[in-house]
Amino acid sequence: MRRLNLIRRVTLLTLLIVPLAFAPPAFANGFSLYYGPSPYGGNPYALNEGNISWTGKFHFDWYGDSWDYCPADGLGTSFYFGYQYGDGSSGEDAPVLWDVAGCNTHQYGAGTVTKQRQIVKVRVHSCWTNDGNLCWLEDIDYGVGAWKTNPNV
């Protein structure tokens with residue numbers, strides 16, 4: 001009887017531990033978008049990077065950095081989120097983080113996004129900023145991230 005209990009305990013522990021070994025890595029919802037140059041000259045480059053952590057069907061937490069690299073051309077960088085919702089519709093936000101401070105600078109930010117509809121997936125879109133316009137020009141070749149699927153939906 002004791003041996004049977006031991007076998008049950010080992011089996012239970014194996015069932016609990018083995019799936020953890022195959023869990024996706026914590027950075028699976030990370031994003032890193034290095035893009036440029038601008039089609040309008042000046043040869044600028046930028047980097048938007050960070051992570052998305054799903055916290056439910058309707059919301060997620062995020063943190064990130066927005067980096068503006070030289071030359072000093074008056075352009076900055078920003079990013080915003082695009083969505084696909086459970087009802088089949090899509091949407092996007094205004095930029096959530098931007099760097100307009102100049103050459104070789106960056107801005108760090110973090111926040112929580114909450115929507116009234118279920119978020120099926122989200123992705124990051126990168127933009128160039130110019131003259132106070134936080135999304136003056138979107139880089140559709142290299143500045144759009146992969147979709148991050150919500151495991152809660």
# chains A, B, ... in the order shown; residues from 1 in each chain; ligands from 1
>>> residues_around(residues="range 139-141 of chain A", least_positions_apart="5", cutoff="12 Å", atoms="only C-alpha atoms", output="VMD selection string")
chain A and resid 33 to 40 44 to 48 77 to 79 124 to 129
>>> residues_around(residues="Ser32 in chain A", least_positions_apart="4", cutoff="10 Å", atoms="only C-alpha atoms", output="ChimeraX atom specification")
/A:47-51,64-66,124,143-146
>>> closest_residue(among="A:Gln116, A:Asp93, A:Ala72, A:Gly109", to="Leu134 in chain A", atoms="only C-alpha atoms")
A:Asp93
>>> residues_around(residues="range 80-90 of chain A", least_positions_apart="5", cutoff="6 Å", atoms="only C-alpha atoms", output="ChimeraX atom specification")
/A:95-96,118-125
>>> write_last_selection(atoms="all heavy atoms", output="PDB file, in the first residue's frame")
ATOM      1  N   PRO A  95      -0.366  57.128 -30.117  1.00  0.00           N
ATOM      2  CA  PRO A  95       0.929  56.689 -29.559  1.00  0.00           C
ATOM      3  C   PRO A  95       0.943  56.695 -28.032  1.00  0.00           C
ATOM      4  O   PRO A  95       0.408  57.613 -27.399  1.00  0.00           O
ATOM      5  CB  PRO A  95       1.906  57.723 -30.129  1.00  0.00           C
ATOM      6  CG  PRO A  95       1.294  58.127 -31.422  1.00  0.00           C
ATOM      7  CD  PRO A  95      -0.193  58.157 -31.144  1.00  0.00           C
ATOM      8  N   VAL A  96       1.530  55.642 -27.465  1.00  0.00           N
ATOM      9  CA  VAL A  96       1.605  55.506 -26.006  1.00  0.00           C
ATOM     10  C   VAL A  96       2.976  55.902 -25.465  1.00  0.00           C
ATOM     11  O   VAL A  96       3.127  56.169 -24.286  1.00  0.00           O
ATOM     12  CB  VAL A  96       1.255  54.072 -25.541  1.00  0.00           C
ATOM     13  CG1 VAL A  96      -0.191  53.748 -25.846  1.00  0.00           C
ATOM     14  CG2 VAL A  96       2.182  53.038 -26.171  1.00  0.00           C
ATOM     15  N   GLN A 118     -13.212  42.218 -25.835  1.00  0.00           N
ATOM     16  CA  GLN A 118     -12.139  41.253 -25.673  1.00  0.00           C
ATOM     17  C   GLN A 118     -11.050  41.522 -26.707  1.00  0.00           C
ATOM     18  O   GLN A 118     -11.330  41.677 -27.892  1.00  0.00           O
ATOM     19  CB  GLN A 118     -12.649  39.827 -25.865  1.00  0.00           C
ATOM     20  CG  GLN A 118     -13.496  39.328 -24.741  1.00  0.00           C
ATOM     21  CD  GLN A 118     -13.885  37.872 -24.937  1.00  0.00           C
ATOM     22  OE1 GLN A 118     -13.555  37.244 -25.939  1.00  0.00           O
ATOM     23  NE2 GLN A 118     -14.605  37.333 -23.979  1.00  0.00           N
ATOM     24  N   ILE A 119      -9.799  41.535 -26.233  1.00  0.00           N
ATOM     25  CA  ILE A 119      -8.660  41.726 -27.120  1.00  0.00           C
ATOM     26  C   ILE A 119      -8.152  40.337 -27.510  1.00  0.00           C
ATOM     27  O   ILE A 119      -7.651  39.604 -26.661  1.00  0.00           O
ATOM     28  CB  ILE A 119      -7.537  42.510 -26.425  1.00  0.00           C
ATOM     29  CG1 ILE A 119      -8.052  43.839 -25.871  1.00  0.00           C
ATOM     30  CG2 ILE A 119      -6.382  42.733 -27.390  1.00  0.00           C
ATOM     31  CD1 ILE A 119      -7.073  44.526 -24.928  1.00  0.00           C
ATOM     32  N   VAL A 120      -8.279  39.990 -28.773  1.00  0.00           N
ATOM     33  CA  VAL A 120      -7.808  38.688 -29.245  1.00  0.00           C
ATOM     34  C   VAL A 120      -6.306  38.717 -29.465  1.00  0.00           C
ATOM     35  O   VAL A 120      -5.593  37.795 -29.106  1.00  0.00           O
ATOM     36  CB  VAL A 120      -8.541  38.275 -30.540  1.00  0.00           C
ATOM     37  CG1 VAL A 120      -7.956  36.993 -31.126  1.00  0.00           C
ATOM     38  CG2 VAL A 120     -10.021  38.110 -30.265  1.00  0.00           C
ATOM     39  N   LYS A 121      -5.819  39.823 -30.072  1.00  0.00           N
ATOM     40  CA  LYS A 121      -4.385  39.968 -30.275  1.00  0.00           C
ATOM     41  C   LYS A 121      -4.027  41.437 -30.425  1.00  0.00           C
ATOM     42  O   LYS A 121      -4.875  42.273 -30.726  1.00  0.00           O
ATOM     43  CB  LYS A 121      -3.883  39.139 -31.454  1.00  0.00           C
ATOM     44  CG  LYS A 121      -4.629  39.247 -32.736  1.00  0.00           C
ATOM     45  CD  LYS A 121      -4.100  38.213 -33.710  1.00  0.00           C
ATOM     46  CE  LYS A 121      -4.957  38.114 -34.948  1.00  0.00           C
ATOM     47  NZ  LYS A 121      -4.417  37.152 -35.901  1.00  0.00           N
ATOM     48  N   VAL A 122      -2.749  41.710 -30.210  1.00  0.00           N
ATOM     49  CA  VAL A 122      -2.227  43.079 -30.259  1.00  0.00           C
ATOM     50  C   VAL A 122      -0.873  43.058 -30.955  1.00  0.00           C
ATOM     51  O   VAL A 122      -0.178  42.042 -30.936  1.00  0.00           O
ATOM     52  CB  VAL A 122      -2.112  43.678 -28.834  1.00  0.00           C
ATOM     53  CG1 VAL A 122      -1.121  42.911 -27.991  1.00  0.00           C
ATOM     54  CG2 VAL A 122      -1.756  45.150 -28.874  1.00  0.00           C
ATOM     55  N   ARG A 123      -0.528  44.170 -31.603  1.00  0.00           N
ATOM     56  CA  ARG A 123       0.815  44.319 -32.150  1.00  0.00           C
ATOM     57  C   ARG A 123       1.229  45.786 -32.076  1.00  0.00           C
ATOM     58  O   ARG A 123       0.403  46.681 -31.949  1.00  0.00           O
ATOM     59  CB  ARG A 123       0.942  43.784 -33.565  1.00  0.00           C
ATOM     60  CG  ARG A 123       0.197  44.534 -34.623  1.00  0.00           C
ATOM     61  CD  ARG A 123       0.467  43.885 -35.958  1.00  0.00           C
ATOM     62  NE  ARG A 123      -0.377  44.418 -36.995  1.00  0.00           N
ATOM     63  CZ  ARG A 123      -0.395  43.960 -38.228  1.00  0.00           C
ATOM     64  NH1 ARG A 123       0.378  42.946 -38.565  1.00  0.00           N
ATOM     65  NH2 ARG A 123      -1.174  44.487 -39.120  1.00  0.00           N
ATOM     66  N   VAL A 124       2.533  45.997 -32.169  1.00  0.00           N
ATOM     67  CA  VAL A 124       3.112  47.329 -32.045  1.00  0.00           C
ATOM     68  C   VAL A 124       3.339  47.915 -33.435  1.00  0.00           C
ATOM     69  O   VAL A 124       3.768  47.214 -34.353  1.00  0.00           O
ATOM     70  CB  VAL A 124       4.456  47.249 -31.276  1.00  0.00           C
ATOM     71  CG1 VAL A 124       5.137  48.598 -31.238  1.00  0.00           C
ATOM     72  CG2 VAL A 124       4.218  46.736 -29.875  1.00  0.00           C
ATOM     73  N   HIS A 125       3.046  49.206 -33.566  1.00  0.00           N
ATOM     74  CA  HIS A 125       3.310  49.964 -34.785  1.00  0.00           C
ATOM     75  C   HIS A 125       4.264  51.102 -34.428  1.00  0.00           C
ATOM     76  O   HIS A 125       4.022  51.827 -33.463  1.00  0.00           O
ATOM     77  CB  HIS A 125       2.023  50.570 -35.348  1.00  0.00           C
ATOM     78  CG  HIS A 125       1.037  49.568 -35.816  1.00  0.00           C
ATOM     79  ND1 HIS A 125       0.837  49.291 -37.144  1.00  0.00           N
ATOM     80  CD2 HIS A 125       0.173  48.775 -35.131  1.00  0.00           C
ATOM     81  CE1 HIS A 125      -0.106  48.377 -37.267  1.00  0.00           C
ATOM     82  NE2 HIS A 125      -0.518  48.049 -36.057  1.00  0.00           N
TER      83      HIS A 125
END
>>> select_by_dssp(residues="range 21-146 of chain A", states="strand (DSSP E)", output="ChimeraX atom specification")
/A:30-35,46-54,59-68,76-85,90-92,97-99,105-114,119-130,133-138
>>> atom_distance(atom1="CA of Gly76 in chain A", atom2="CA of Ala94 in chain A")
15.5 Å
